[in-house]
file target.txt (compact mmCIF, C-alpha atoms)
# COMPACT_ATOMS: atom_id res chain seq x y z
CA MET Z 1 24.90 0.78 -38.29
CA LEU Z 2 23.42 -1.01 -35.28
CA SER Z 3 26.63 -2.62 -34.13
CA ASN Z 4 25.78 -2.44 -30.43
CA VAL Z 5 23.10 -5.07 -30.94
CA ILE Z 6 25.67 -7.79 -31.60
CA ASN Z 7 28.05 -6.76 -28.83
CA GLN Z 8 26.20 -9.06 -26.44
CA LYS Z 9 24.85 -12.53 -26.92
CA ILE Z 10 21.21 -12.45 -27.97
CA ASN Z 11 19.44 -15.36 -26.26
CA LYS Z 12 15.83 -16.47 -26.55
CA ILE Z 13 14.72 -14.23 -23.66
CA SER Z 14 16.16 -11.24 -25.53
CA ILE Z 15 14.19 -12.27 -28.62
CA PHE Z 16 10.95 -12.81 -26.68
CA LEU Z 17 11.36 -9.45 -24.97
CA SER Z 18 12.05 -7.70 -28.27
CA LEU Z 19 8.69 -8.96 -29.58
CA LEU Z 20 6.71 -7.27 -26.80
CA PRO Z 21 6.37 -3.84 -28.52
CA LEU Z 22 4.87 -5.64 -31.53
CA SER Z 23 2.63 -7.71 -29.24
CA PHE Z 24 1.14 -4.53 -27.80
CA ILE Z 25 0.04 -3.59 -31.33
CA VAL Z 26 -1.33 -7.04 -32.17
CA GLY Z 27 -3.42 -7.27 -28.99
CA ASN Z 28 -3.91 -9.02 -25.66
CA PRO Z 29 -3.61 -12.62 -26.94
CA ALA Z 30 -0.18 -11.80 -28.38
CA ILE Z 31 0.88 -10.06 -25.15
CA ASN Z 32 -0.23 -13.02 -23.02
CA ALA Z 33 1.53 -15.47 -25.33
CA ASN Z 34 4.72 -13.42 -25.21
CA VAL Z 35 4.68 -13.17 -21.40
CA ALA Z 36 3.98 -16.91 -21.17
CA LEU Z 37 6.95 -17.70 -23.44
CA ILE Z 38 9.29 -15.64 -21.26
CA ILE Z 39 8.05 -17.29 -18.05
CA ILE Z 40 8.04 -20.88 -19.36
CA TYR Z 41 11.42 -20.63 -21.08
CA ALA Z 42 13.09 -19.07 -18.02
CA LEU Z 43 11.61 -21.68 -15.65
CA ILE Z 44 12.86 -24.50 -17.87
CA VAL Z 45 16.35 -23.08 -18.39
CA LYS Z 46 17.06 -21.51 -14.98
CA GLY Z 47 14.68 -23.22 -12.56
CA LYS Z 48 15.61 -22.63 -8.91
CA LYS Z 49 18.42 -20.27 -9.91
CA LEU Z 50 15.78 -17.61 -10.47
CA LEU Z 51 15.45 -17.25 -6.69
CA LYS Z 52 19.15 -16.65 -6.12
CA PHE Z 53 19.30 -12.91 -5.68
CA ARG Z 54 18.97 -10.48 -2.82
CA PHE Z 55 15.49 -9.07 -2.27
CA LEU Z 56 15.32 -5.29 -1.97
CA LEU Z 57 12.61 -3.38 -0.17
CA ILE Z 58 10.84 -2.72 -3.46
CA ASP Z 59 10.83 -6.47 -4.21
CA LYS Z 60 9.23 -7.15 -0.83
CA LEU Z 61 6.63 -4.47 -1.50
CA ILE Z 62 5.80 -6.01 -4.86
CA ILE Z 63 5.49 -9.45 -3.27
CA SER Z 64 3.21 -7.93 -0.61
CA PHE Z 65 1.04 -6.44 -3.35
CA PHE Z 66 0.51 -9.82 -4.99
CA LEU Z 67 -0.08 -11.55 -1.65
CA LEU Z 68 -2.66 -8.90 -0.76
CA SER Z 69 -4.55 -9.61 -3.99
CA LEU Z 70 -4.82 -13.27 -2.89
CA ILE Z 71 -5.82 -12.40 0.66
CA THR Z 72 -8.45 -9.95 -0.56
CA VAL Z 73 -10.10 -12.43 -2.91
CA LEU Z 74 -10.12 -15.08 -0.16
CA ILE Z 75 -11.72 -12.69 2.34
CA ASN Z 76 -14.39 -11.59 -0.13
CA SER Z 77 -15.05 -15.14 -1.32
CA PHE Z 78 -15.55 -16.29 2.27
CA ASP Z 79 -17.81 -13.31 2.92
CA ASP Z 80 -19.92 -13.98 -0.19
CA LEU Z 81 -20.20 -17.71 0.41
CA TYR Z 82 -20.85 -17.93 4.13
CA LEU Z 83 -22.03 -14.54 5.34
CA LYS Z 84 -24.13 -13.16 2.50
CA ASN Z 85 -25.32 -16.49 1.12
CA GLN Z 86 -24.44 -15.34 -2.40
CA ASN Z 87 -22.58 -16.99 -5.24
CA LEU Z 88 -18.83 -16.67 -5.40
CA ASN Z 89 -17.42 -14.02 -7.73
CA PHE Z 90 -15.57 -16.53 -9.91
CA TYR Z 91 -14.52 -13.80 -12.31
CA SER Z 92 -12.61 -11.98 -9.56
CA ILE Z 93 -11.03 -15.26 -8.40
CA TYR Z 94 -9.95 -16.15 -11.94
CA LYS Z 95 -8.56 -12.66 -12.62
CA THR Z 96 -6.65 -12.66 -9.32
CA LEU Z 97 -4.99 -16.02 -10.02
CA PHE Z 98 -4.19 -14.99 -13.59
CA PHE Z 99 -2.76 -11.67 -12.34
CA LEU Z 100 -0.10 -13.60 -10.36
CA ARG Z 101 1.74 -14.32 -13.60
CA TYR Z 102 3.14 -10.80 -13.41
CA ALA Z 103 4.98 -11.68 -10.20
CA MET Z 104 6.88 -14.37 -12.12
CA PHE Z 105 7.28 -12.05 -15.12
CA TYR Z 106 8.78 -9.30 -12.94
CA PHE Z 107 11.24 -11.49 -11.01
CA ILE Z 108 12.34 -13.44 -14.09
CA LEU Z 109 13.22 -10.31 -16.05
CA ARG Z 110 14.76 -8.73 -12.96
CA TYR Z 111 17.00 -11.79 -12.51
CA TYR Z 112 18.09 -11.84 -16.16
CA ILE Z 113 18.82 -8.10 -16.27
CA GLN Z 114 20.59 -7.97 -12.90
CA ASN Z 115 22.88 -10.81 -13.95
CA LYS Z 116 23.42 -9.36 -17.45
CA LEU Z 117 21.96 -12.43 -19.11
CA ILE Z 118 19.82 -10.44 -21.51
CA ASN Z 119 20.53 -7.97 -24.30
CA LEU Z 120 18.06 -5.09 -24.16
CA ASN Z 121 19.15 -3.50 -27.44
CA PRO Z 122 16.78 -5.58 -29.63
CA PHE Z 123 13.90 -4.42 -27.41
CA PHE Z 124 14.86 -0.76 -27.91
CA ILE Z 125 15.20 -1.27 -31.65
CA THR Z 126 11.83 -3.00 -32.08
CA SER Z 127 10.23 -0.31 -29.89
CA SER Z 128 11.65 2.36 -32.21
CA ILE Z 129 10.52 0.49 -35.33
CA CYS Z 130 7.01 -0.03 -33.94
CA VAL Z 131 6.72 3.65 -32.93
CA SER Z 132 7.77 4.65 -36.46
CA PHE Z 133 5.26 2.22 -37.97
CA VAL Z 134 2.36 3.50 -35.81
CA CYS Z 135 3.20 7.08 -36.87
CA PHE Z 136 3.28 6.11 -40.53
CA ASP Z 137 -0.04 4.25 -40.20
CA LEU Z 138 -1.73 7.22 -38.48
CA PHE Z 139 -0.66 9.62 -41.24
CA TYR Z 140 -1.84 7.07 -43.81
CA GLN Z 141 -5.20 6.80 -42.05
CA MET Z 142 -5.56 10.59 -41.85
CA TYR Z 143 -4.98 11.14 -45.56
CA PHE Z 144 -6.77 8.07 -46.99
CA GLY Z 145 -9.55 7.60 -44.43
CA LYS Z 146 -8.35 4.07 -43.65
CA ASP Z 147 -5.08 2.67 -42.34
CA ILE Z 148 -3.09 0.02 -44.18
CA PHE Z 149 -5.14 -2.74 -42.49
CA GLY Z 150 -8.43 -1.15 -43.54
CA TYR Z 151 -9.40 0.41 -40.18
CA SER Z 152 -11.50 3.55 -40.65
CA ILE Z 153 -11.36 6.83 -38.73
CA ASN Z 154 -13.52 6.74 -35.58
CA HIS Z 155 -15.26 10.15 -35.62
CA TYR Z 156 -12.49 12.66 -34.81
CA LYS Z 157 -10.05 10.08 -33.43
CA MET Z 158 -7.71 7.76 -35.28
CA SER Z 159 -6.69 4.34 -34.09
CA GLY Z 160 -4.04 3.41 -36.64
CA PRO Z 161 -3.22 -0.32 -36.39
CA PHE Z 162 -5.17 -0.72 -33.11
CA GLY Z 163 -8.56 -1.03 -34.81
CA LYS Z 164 -11.44 -0.19 -32.47
CA GLU Z 165 -9.05 0.54 -29.59
CA LEU Z 166 -8.30 4.29 -29.51
CA ILE Z 167 -4.90 3.89 -27.87
CA ALA Z 168 -2.44 4.89 -30.61
CA GLY Z 169 -1.44 8.07 -28.75
CA SER Z 170 -0.96 6.15 -25.52
CA TYR Z 171 1.27 3.62 -27.30
CA LEU Z 172 3.43 6.38 -28.78
CA GLN Z 173 3.73 8.18 -25.45
CA ARG Z 174 4.80 4.98 -23.71
CA PHE Z 175 7.39 3.76 -26.21
CA SER Z 176 8.69 6.90 -27.94
CA LEU Z 177 11.52 7.68 -25.49
CA PHE Z 178 13.19 4.42 -26.49
CA LEU Z 179 13.61 6.01 -29.92
CA PHE Z 180 15.94 8.57 -28.33
CA PHE Z 181 18.12 5.77 -26.98
CA SER Z 182 18.22 4.01 -30.35
CA ILE Z 183 19.21 7.19 -32.19
CA PHE Z 184 22.00 8.20 -29.80
CA PHE Z 185 23.43 4.86 -28.72
CA LEU Z 186 22.64 2.25 -31.38
CA ILE Z 187 23.25 4.22 -34.57
CA HIS Z 188 26.92 5.03 -35.16
CA SER Z 189 27.01 6.11 -38.78
CA ILE Z 190 25.41 9.53 -38.08
CA LYS Z 191 27.25 12.48 -36.55
CA LYS Z 192 26.16 13.83 -33.17
CA ASN Z 193 24.67 17.09 -34.49
CA SER Z 194 22.76 15.16 -37.15
CA LYS Z 195 21.43 12.86 -34.44
CA LYS Z 196 20.05 15.85 -32.53
CA LEU Z 197 18.29 17.12 -35.65
CA LEU Z 198 16.91 13.64 -36.25
CA LEU Z 199 15.76 13.50 -32.64
CA PHE Z 200 13.89 16.84 -32.86
CA PHE Z 201 12.32 15.78 -36.14
CA SER Z 202 11.24 12.46 -34.59
CA TRP Z 203 9.75 14.13 -31.50
CA THR Z 204 7.83 16.59 -33.70
CA ILE Z 205 6.41 13.75 -35.80
CA ILE Z 206 5.42 11.79 -32.69
CA LEU Z 207 3.75 14.87 -31.20
CA LEU Z 208 1.75 15.39 -34.39
CA CYS Z 209 0.74 11.73 -34.42
CA ILE Z 210 -0.49 11.86 -30.82
CA ILE Z 211 -2.50 14.96 -31.73
CA ILE Z 212 -4.12 13.40 -34.81
CA ALA Z 213 -4.80 10.23 -32.82
CA GLY Z 214 -6.98 12.42 -30.58
CA ASN Z 215 -5.62 11.05 -27.29
CA ARG Z 216 -5.49 14.08 -25.00
CA ILE Z 217 -4.08 12.62 -21.78
CA PRO Z 218 -1.17 10.94 -23.67
CA PHE Z 219 -0.54 14.30 -25.34
CA ILE Z 220 -0.09 15.98 -21.94
CA LEU Z 221 1.98 13.07 -20.61
CA PHE Z 222 4.20 13.14 -23.69
CA LEU Z 223 4.94 16.82 -23.13
CA MET Z 224 5.62 16.08 -19.46
CA THR Z 225 8.02 13.23 -20.25
CA LEU Z 226 9.93 15.38 -22.74
CA PHE Z 227 10.11 18.25 -20.26
CA LEU Z 228 11.49 15.91 -17.57
CA PHE Z 229 13.92 14.35 -20.02
CA VAL Z 230 15.30 17.71 -21.12
CA LEU Z 231 15.37 18.87 -17.48
CA PHE Z 232 17.50 15.90 -16.38
CA LYS Z 233 19.71 15.86 -19.50
CA LYS Z 234 21.83 19.01 -19.20
CA SER Z 235 23.20 18.55 -22.69
CA LEU Z 236 19.69 19.07 -24.11
CA ARG Z 237 18.59 22.03 -21.98
CA LYS Z 238 19.92 24.60 -24.43
CA TYR Z 239 17.56 23.16 -27.03
CA PHE Z 240 14.50 23.50 -24.81
CA LEU Z 241 13.33 26.78 -26.43
CA LEU Z 242 13.73 25.26 -29.91
CA ILE Z 243 11.71 22.23 -28.83
CA ALA Z 244 8.97 24.43 -27.31
CA ILE Z 245 8.72 26.61 -30.44
CA THR Z 246 8.65 23.57 -32.72
CA PHE Z 247 5.92 21.89 -30.69
CA SER Z 248 3.81 25.06 -30.46
CA PHE Z 249 4.08 25.71 -34.19
CA SER Z 250 3.24 22.09 -35.03
CA LEU Z 251 0.22 22.14 -32.72
CA PHE Z 252 -1.04 25.44 -34.18
CA ILE Z 253 -0.71 24.30 -37.81
CA THR Z 254 -2.32 20.94 -37.14
CA MET Z 255 -5.33 22.37 -35.28
CA LYS Z 256 -5.80 25.16 -37.82
CA ASN Z 257 -5.97 22.69 -40.69
CA ASN Z 258 -8.14 20.05 -39.03
CA GLU Z 259 -11.44 21.09 -37.45
CA ASN Z 260 -12.01 17.72 -35.76
CA ILE Z 261 -8.66 17.88 -34.00
CA TYR Z 262 -9.28 21.48 -32.96
CA ASN Z 263 -12.71 20.64 -31.53
CA ASN Z 264 -11.30 17.62 -29.72
CA PHE Z 265 -8.58 19.54 -27.91
CA PHE Z 266 -10.60 22.72 -27.40
CA GLY Z 267 -13.39 20.59 -25.93
CA PHE Z 268 -10.81 19.07 -23.59
CA TYR Z 269 -9.92 22.58 -22.38
CA GLU Z 270 -13.61 23.30 -21.75
CA ARG Z 271 -13.93 20.09 -19.75
CA ILE Z 272 -10.92 20.93 -17.60
CA LYS Z 273 -12.43 24.35 -16.93
CA ASN Z 274 -15.72 22.70 -15.99
CA ILE Z 275 -13.93 20.37 -13.56
CA ASN Z 276 -12.52 23.48 -11.90
CA TYR Z 277 -16.07 24.84 -11.58
CA LEU Z 278 -17.22 21.53 -10.14
CA ILE Z 279 -14.58 21.68 -7.41
CA ILE Z 280 -14.46 25.43 -6.66
CA ASN Z 281 -17.63 27.07 -7.92
CA HIS Z 282 -20.52 24.64 -8.20
CA GLU Z 283 -22.89 27.30 -9.57
CA LYS Z 284 -21.03 27.46 -12.90
CA TYR Z 285 -20.82 23.68 -13.15
CA ASN Z 286 -22.35 22.16 -16.31
CA PRO Z 287 -22.80 18.34 -16.13
CA LYS Z 288 -22.93 18.07 -19.93
CA ASN Z 289 -19.33 19.32 -20.26
CA THR Z 290 -17.92 17.18 -17.46
CA PRO Z 291 -15.92 14.10 -18.53
CA GLU Z 292 -17.54 10.78 -17.72
CA GLN Z 293 -14.31 9.84 -15.93
CA ILE Z 294 -15.09 12.35 -13.17
CA PHE Z 295 -18.27 10.47 -12.35
CA GLN Z 296 -16.30 7.23 -12.45
CA PHE Z 297 -13.78 8.67 -9.99
CA LYS Z 298 -16.68 9.43 -7.65
CA SER Z 299 -18.16 5.97 -8.20
CA GLY Z 300 -14.81 4.41 -7.34
CA LEU Z 301 -14.53 6.34 -4.09
CA VAL Z 302 -18.11 5.51 -3.10
CA THR Z 303 -17.50 1.83 -3.86
CA TRP Z 304 -14.27 1.87 -1.83
CA SER Z 305 -16.13 3.33 1.16
CA GLU Z 306 -18.01 0.01 1.48
CA ASN Z 307 -14.80 -1.96 2.07
CA LYS Z 308 -12.06 0.47 3.05
CA ILE Z 309 -9.35 -1.86 4.38
CA PHE Z 310 -9.12 -4.76 1.91
CA GLY Z 311 -11.31 -3.63 -1.00
CA GLY Z 312 -13.60 -5.88 -3.00
CA GLY Z 313 -10.99 -7.88 -4.92
CA ILE Z 314 -9.41 -7.59 -8.37
CA LYS Z 315 -11.93 -6.89 -11.15
CA SER Z 316 -14.79 -6.57 -8.66
CA PHE Z 317 -15.43 -2.86 -9.19
CA ASN Z 318 -18.25 -3.14 -11.71
CA SER Z 319 -20.41 -5.56 -9.71
CA ASN Z 320 -19.70 -3.85 -6.36
CA CYS Z 321 -20.30 -0.42 -7.86
CA TRP Z 322 -23.81 -1.33 -9.04
CA THR Z 323 -24.59 -2.87 -5.65
CA VAL Z 324 -23.55 0.31 -3.83
CA HIS Z 325 -25.41 2.57 -6.24
CA GLU Z 326 -28.62 0.61 -5.78
CA LYS Z 327 -28.34 1.22 -2.03
CA ILE Z 328 -27.92 4.98 -2.38
CA ASN Z 329 -30.20 5.37 -5.45
CA SER Z 330 -27.43 7.02 -7.42
CA THR Z 331 -27.96 8.01 -11.04
CA TRP Z 332 -24.26 7.66 -11.88
CA SER Z 333 -23.24 4.75 -14.06
CA CYS Z 334 -20.65 2.09 -13.31
CA ASP Z 335 -17.95 1.19 -15.80
CA SER Z 336 -15.57 -1.79 -15.70
CA HIS Z 337 -13.05 0.33 -13.77
CA PRO Z 338 -12.95 3.83 -12.21
CA HIS Z 339 -10.44 5.26 -14.74
CA ASN Z 340 -7.69 5.98 -12.24
CA TYR Z 341 -5.07 3.49 -11.00
CA TYR Z 342 -5.14 4.65 -7.40
CA ILE Z 343 -8.92 4.84 -7.07
CA GLU Z 344 -9.18 1.40 -8.69
CA ILE Z 345 -6.65 -0.03 -6.23
CA LEU Z 346 -8.54 1.61 -3.35
CA SER Z 347 -11.84 0.06 -4.44
CA GLU Z 348 -10.39 -3.39 -5.22
CA LEU Z 349 -7.46 -3.76 -2.76
CA GLY Z 350 -8.41 -1.18 -0.14
CA LEU Z 351 -6.24 1.15 1.89
CA ILE Z 352 -3.59 -1.54 2.31
CA GLY Z 353 -3.19 -1.93 -1.46
CA PHE Z 354 -3.18 1.84 -1.92
CA PHE Z 355 -0.38 2.36 0.61
CA ILE Z 356 1.65 -0.52 -0.86
CA ILE Z 357 1.49 0.89 -4.41
CA LEU Z 358 2.27 4.37 -3.06
CA ALA Z 359 5.26 2.93 -1.17
CA ILE Z 360 6.47 1.26 -4.38
CA PHE Z 361 6.22 4.57 -6.23
CA ILE Z 362 8.11 6.46 -3.50
CA ASN Z 363 10.76 3.71 -3.30
CA LEU Z 364 11.33 3.95 -7.06
CA ILE Z 365 11.99 7.67 -6.72
CA LEU Z 366 14.44 7.03 -3.87
CA ILE Z 367 16.24 4.30 -5.85
CA TYR Z 368 16.71 6.62 -8.82
CA PHE Z 369 18.00 9.61 -6.90
CA LYS Z 370 20.20 7.45 -4.66
CA LYS Z 371 21.84 6.08 -7.80
CA LYS Z 372 21.92 9.38 -9.60
CA GLY Z 373 23.25 11.48 -6.72
CA SER Z 374 24.45 14.79 -8.04
CA ALA Z 375 25.95 13.35 -11.23
CA GLU Z 376 24.64 14.14 -14.70
CA PRO Z 377 22.99 11.07 -16.30
CA SER Z 378 25.20 10.15 -19.22
CA GLY Z 379 26.21 7.12 -21.18
CA HIS Z 380 24.40 3.92 -22.03
CA GLN Z 381 23.20 2.64 -18.63
CA ASN Z 382 22.33 5.98 -17.04
CA THR Z 383 20.29 7.09 -20.04
CA ILE Z 384 18.22 3.89 -19.93
CA SER Z 385 17.63 4.39 -16.20
CA LEU Z 386 16.53 7.98 -16.79
CA ILE Z 387 14.13 6.95 -19.58
CA LEU Z 388 12.63 4.16 -17.46
CA PHE Z 389 12.28 6.42 -14.41
CA ILE Z 390 10.44 9.09 -16.43
CA LEU Z 391 8.15 6.53 -18.06
CA ILE Z 392 7.30 4.94 -14.69
CA PHE Z 393 6.70 8.38 -13.18
CA SER Z 394 4.31 9.36 -15.98
CA GLU Z 395 2.56 5.97 -15.89
CA LEU Z 396 1.94 6.17 -12.14
CA PHE Z 397 1.14 9.90 -12.17
CA ILE Z 398 -1.52 10.08 -9.49
CA ILE Z 399 -4.11 12.45 -10.99
CA LYS Z 400 -4.32 11.17 -14.57
CA SER Z 401 -7.22 9.31 -16.15
CA THR Z 402 -6.19 5.73 -16.95
CA GLY Z 403 -7.34 2.34 -18.09
CA SER Z 404 -7.51 -0.52 -15.62
CA PHE Z 405 -4.33 -1.20 -13.66
CA PHE Z 406 -5.09 -4.93 -13.85
CA SER Z 407 -5.64 -5.07 -17.63
CA THR Z 408 -3.22 -7.12 -19.72
CA PHE Z 409 -1.94 -4.07 -21.61
CA ASN Z 410 -1.27 -1.90 -18.55
CA SER Z 411 -0.02 -4.60 -16.15
CA THR Z 412 2.45 -5.97 -18.69
CA TYR Z 413 3.79 -2.49 -19.43
CA ILE Z 414 4.09 -1.50 -15.75
CA PHE Z 415 5.87 -4.65 -14.59
CA LEU Z 416 8.07 -4.61 -17.70
CA LEU Z 417 9.34 -1.13 -16.77
CA LEU Z 418 9.71 -2.05 -13.09
CA SER Z 419 11.70 -5.22 -13.80
CA ILE Z 420 14.15 -3.47 -16.14
CA PHE Z 421 14.58 -0.43 -13.90
CA VAL Z 422 15.12 -2.39 -10.67
CA GLY Z 423 17.26 -5.03 -12.37
CA MET Z 424 19.60 -2.35 -13.74
CA SER Z 425 19.69 -0.46 -10.41
CA VAL Z 426 20.37 -3.34 -8.01
CA LYS Z 427 24.05 -3.95 -8.71
CA ARG Z 428 24.89 -0.25 -8.74
CA ILE Z 429 23.24 0.35 -5.38
CA HIS Z 430 24.98 -2.62 -3.80
CA ASN Z 431 28.38 -1.62 -5.15
CA ARG Z 432 28.31 1.91 -3.78
call {"tool": "encode", "arguments": {"input": "target.txt", "output": "structure tokens"}}
result
Amino acid sequence: MLSNVINQKINKISIFLSLLPLSFIVGNPAINANVALIIIYALIVKGKKLLKFRFLLIDKLIISFFLLSLITVLINSFDDLYLKNQNLNFYSIYKTLFFLRYAMFYFILRYYIQNKLINLNPFFITSSICVSFVCFDLFYQMYFGKDIFGYSINHYKMSGPFGKELIAGSYLQRFSLFLFFSIFFLIHSIKKNSKKLLLFFSWTIILLCIIIAGNRIPFILFLMTLFLFVLFKKSLRKYFLLIAITFSFSLFITMKNNENIYNNFFGFYERIKNINYLIINHEKYNPKNTPEQIFQFKSGLVTWSENKIFGGGIKSFNSNCWTVHEKINSTWSCDSHPHNYYIEILSELGLIGFFIILAIFINLILIYFKKKGSAEPSGHQNTISLILFILIFSELFIIKSTGSFFSTFNSTYIFLLLSIFVGMSVKRIHNR
């Protein structure tokens, strides 16, 4: 049934990589252990061979991003120690040095994928299994009040196997497209039309699970990723109306039968409307209905204004934010991060970091469309590239509310997608 999995040799890196979707459910210690296993094993087995590939512009930009993080923490450490006569921000130094592991993680996976030394099919399969498990656990939690691990419902939101972390919807949005690949390319005992029905059923279930999880931004991003996927896949465009009707009906039934879910999403609409008032018509603005993230966006921009070129250093936002707010007597609070990747990078790595990450994003778009040309994405490799491109696009979508870019969960996911996408694209670009 999953014969493609054994078509290639499955080495230890393939196994370690296939465990990552499960590690994201277990938590940060599991993610860090998994990343460490990949890095250590590859360094032992391949050593200097890992450097034997041609660096593309995007690779140089990524290297520049990591070098900037080091330069920024050195500049701020010098400033704190010798100019301000304050203690060093050891937390920022530690986080910066620890963040460098993702440079090794990216280039190791990129090397293995570019040289076809890794089988990605186990990763796609475990992603699909984990997505199915999270969906099952959310339904279980909704009907029984607790999930299979004993985690209770948190007000109107459900966490499933993530405990106190309300990120089940985000997890499903990030990994659900891999289920499409597994259904169409790794399962051979089902006919094509049956696969399409299974796909629509799966997407409907995932949509419902994101709704009951109460994660509103992942809900919007999930719809956006599906829209882009159907837009790029001509073979699925004729089913777009069916998908839209199915989603609308599912959303209506779910909200009608669950008051908490209805209030959650209707309240989100009211907040979006209030943001519009805040920007366009301040007289109708009601601070009580404005998301806390909007104030954090503002806090991030104010904090960035104190160090516009290099920023304050990785994980420095909270301490710098309070310092700035004391100067201007602001009543706004400071969180651990400003809830937007780009504002966080501005405040912690300055304009230079912002333009580097923007250049990486633009370069990814150019890589995809240079490879795609005018051809319809089809087959094994092109479908993976399309899925990865859409997921990266939605992850780096500039106006969305996010967690911290430098958190274990987000950094691992981002550099995982980048390494696979670039590794698969390199040889094709060079052979054109």
call {"tool": "closest_residue", "arguments": {"input": "target.txt", "among": "Z:Ile420, Z:Val134, Z:Leu68, Z:Ile190", "to": "Ser170 (chain Z)", "atoms": "all atoms listed in the file"}}
result
Z:Val134
call {"tool": "closest_residue", "arguments": {"input": "target.txt", "among": "Z:Ile314, Z:Leu120, Z:Leu391, Z:Val26", "to": "Lys95 (chain Z)", "atoms": "all atoms listed in the file"}}
result
Z:Ile314
call {"tool": "residues_around", "arguments": {"input": "target.txt", "residues": "Ile153 (chain Z)", "least_positions_apart": "5", "cutoff": "10 Å", "atoms": "all atoms listed in the file", "output": "ChimeraX atom specification"}}
result
/Z:138,141-142,144-147,158-160,163-164,213
call {"tool": "closest_residue", "arguments": {"input": "target.txt", "among": "Z:Val73, Z:Leu349, Z:Ile220, Z:Ile309", "to": "Glu395 (chain Z)", "atoms": "all atoms listed in the file"}}
result
Z:Ile220
call {"tool": "closest_residue", "arguments": {"input": "target.txt", "among": "Z:Leu50, Z:Leu56, Z:Met224, Z:Ile113", "to": "Ser14 (chain Z)", "atoms": "only C-alpha atoms"}}
result
Z:Ile113
call {"tool": "closest_residue", "arguments": {"input": "target.txt", "among": "Z:Ala42, Z:Ile357, Z:Ile13, Z:Ile58", "to": "Phe123 (chain Z)", "atoms": "all atoms listed in the file"}}
result
Z:Ile13
call {"tool": "residues_near_point", "arguments": {"input": "target.txt", "point": "(3.8, 13.5, -23.6)", "cutoff": "10 Å", "atoms": "all atoms listed in the file", "output": "list in words"}}
result
Gly169, Ser170, Leu172, Gln173, Arg174, Ser176, Leu177, Trp203, Ile206, Leu207, Ile210, Arg216, Ile217, Pro218, Phe219, Ile220, Leu221, Phe222, Leu223, Met224, Thr225, Leu226, Phe227, Leu391 and Ser394 of chain Z
call {"tool": "atom_distance", "arguments": {"input": "target.txt", "atom1": "CA of Glu344 (chain Z)", "atom2": "CA of Leu416 (chain Z)"}}
result
20.4 Å
call {"tool": "closest_residue", "arguments": {"input": "target.txt", "among": "Z:Ile245, Z:Leu19, Z:Ile360, Z:Leu386", "to": "Phe415 (chain Z)", "atoms": "all atoms listed in the file"}}
result
Z:Ile360
call {"tool": "residues_around", "arguments": {"input": "target.txt", "residues": "Lys315 (chain Z)", "least_positions_apart": "6", "cutoff": "8 Å", "atoms": "only C-alpha atoms", "output": "number ranges by chain"}}
result
Z: 91-92, 95, 336-337, 348, 406
call {"tool": "axis_aligned_box", "arguments": {"input": "target.txt", "around": "region 113-130 of chain Z", "padding_each_side": "6 Å", "output": "AutoDock Vina command-line options"}}
result
--center_x 15.2 --center_y -5.0 --center_z -24.1 --size_x 28.4 --size_y 26.8 --size_z 34.4
call {"tool": "atom_distance", "arguments": {"input": "target.txt", "atom1": "CA of Phe66 (chain Z)", "atom2": "CA of Lys370 (chain Z)"}}
result
26.2 Å
call {"tool": "atom_distance", "arguments": {"input": "target.txt", "atom1": "CA of Ile365 (chain Z)", "atom2": "CA of Ile392 (chain Z)"}}
result
9.6 Å
call {"tool": "residues_near_point", "arguments": {"input": "target.txt", "point": "(8.1, 0.9, -35.3)", "cutoff": "10 Å", "atoms": "all atoms listed in the file", "output": "PDB file with C-alpha atoms, in the coordinates of the input"}}
result
ATOM      1  CA  PRO Z  21       6.370  -3.840 -28.520  1.00  0.00           C
ATOM      2  CA  LEU Z  22       4.870  -5.640 -31.530  1.00  0.00           C
ATOM      3  CA  ILE Z 125      15.200  -1.270 -31.650  1.00  0.00           C
ATOM      4  CA  THR Z 126      11.830  -3.000 -32.080  1.00  0.00           C
ATOM      5  CA  SER Z 127      10.230  -0.310 -29.890  1.00  0.00           C
ATOM      6  CA  SER Z 128      11.650   2.360 -32.210  1.00  0.00           C
ATOM      7  CA  ILE Z 129      10.520   0.490 -35.330  1.00  0.00           C
ATOM      8  CA  CYS Z 130       7.010  -0.030 -33.940  1.00  0.00           C
ATOM      9  CA  VAL Z 131       6.720   3.650 -32.930  1.00  0.00           C
ATOM     10  CA  SER Z 132       7.770   4.650 -36.460  1.00  0.00           C
ATOM     11  CA  PHE Z 133       5.260   2.220 -37.970  1.00  0.00           C
ATOM     12  CA  VAL Z 134       2.360   3.500 -35.810  1.00  0.00           C
ATOM     13  CA  CYS Z 135       3.200   7.080 -36.870  1.00  0.00           C
ATOM     14  CA  PHE Z 136       3.280   6.110 -40.530  1.00  0.00           C
ATOM     15  CA  LEU Z 172       3.430   6.380 -28.780  1.00  0.00           C
ATOM     16  CA  PHE Z 175       7.390   3.760 -26.210  1.00  0.00           C
ATOM     17  CA  SER Z 176       8.690   6.900 -27.940  1.00  0.00           C
ATOM     18  CA  LEU Z 179      13.610   6.010 -29.920  1.00  0.00           C
TER      19      LEU Z 179
END
call {"tool": "decode", "arguments": {"input": "target.txt", "residues": "region 17-26 of chain Z", "atoms": "C-alpha atoms", "output": "mmCIF file, in the first residue's frame"}}
result
data_model
loop_
_atom_site.group_PDB
_atom_site.id
_atom_site.type_symbol
_atom_site.label_atom_id
_atom_site.label_comp_id
_atom_site.auth_asym_id
_atom_site.auth_seq_id
_atom_site.Cartn_x
_atom_site.Cartn_y
_atom_site.Cartn_z
ATOM 1 C CA LEU Z 17 13.570 13.452 10.025
ATOM 2 C CA SER Z 18 10.438 11.293 10.046
ATOM 3 C CA LEU Z 19 10.252 11.698 13.840
ATOM 4 C CA LEU Z 20 10.058 15.500 13.653
ATOM 5 C CA PRO Z 21 6.238 15.723 13.202
ATOM 6 C CA LEU Z 22 5.866 13.636 16.367
ATOM 7 C CA SER Z 23 8.471 15.776 18.148
ATOM 8 C CA PHE Z 24 6.388 18.884 17.473
ATOM 9 C CA ILE Z 25 3.533 17.239 19.394
ATOM 10 C CA VAL Z 26 5.712 16.057 22.278
#
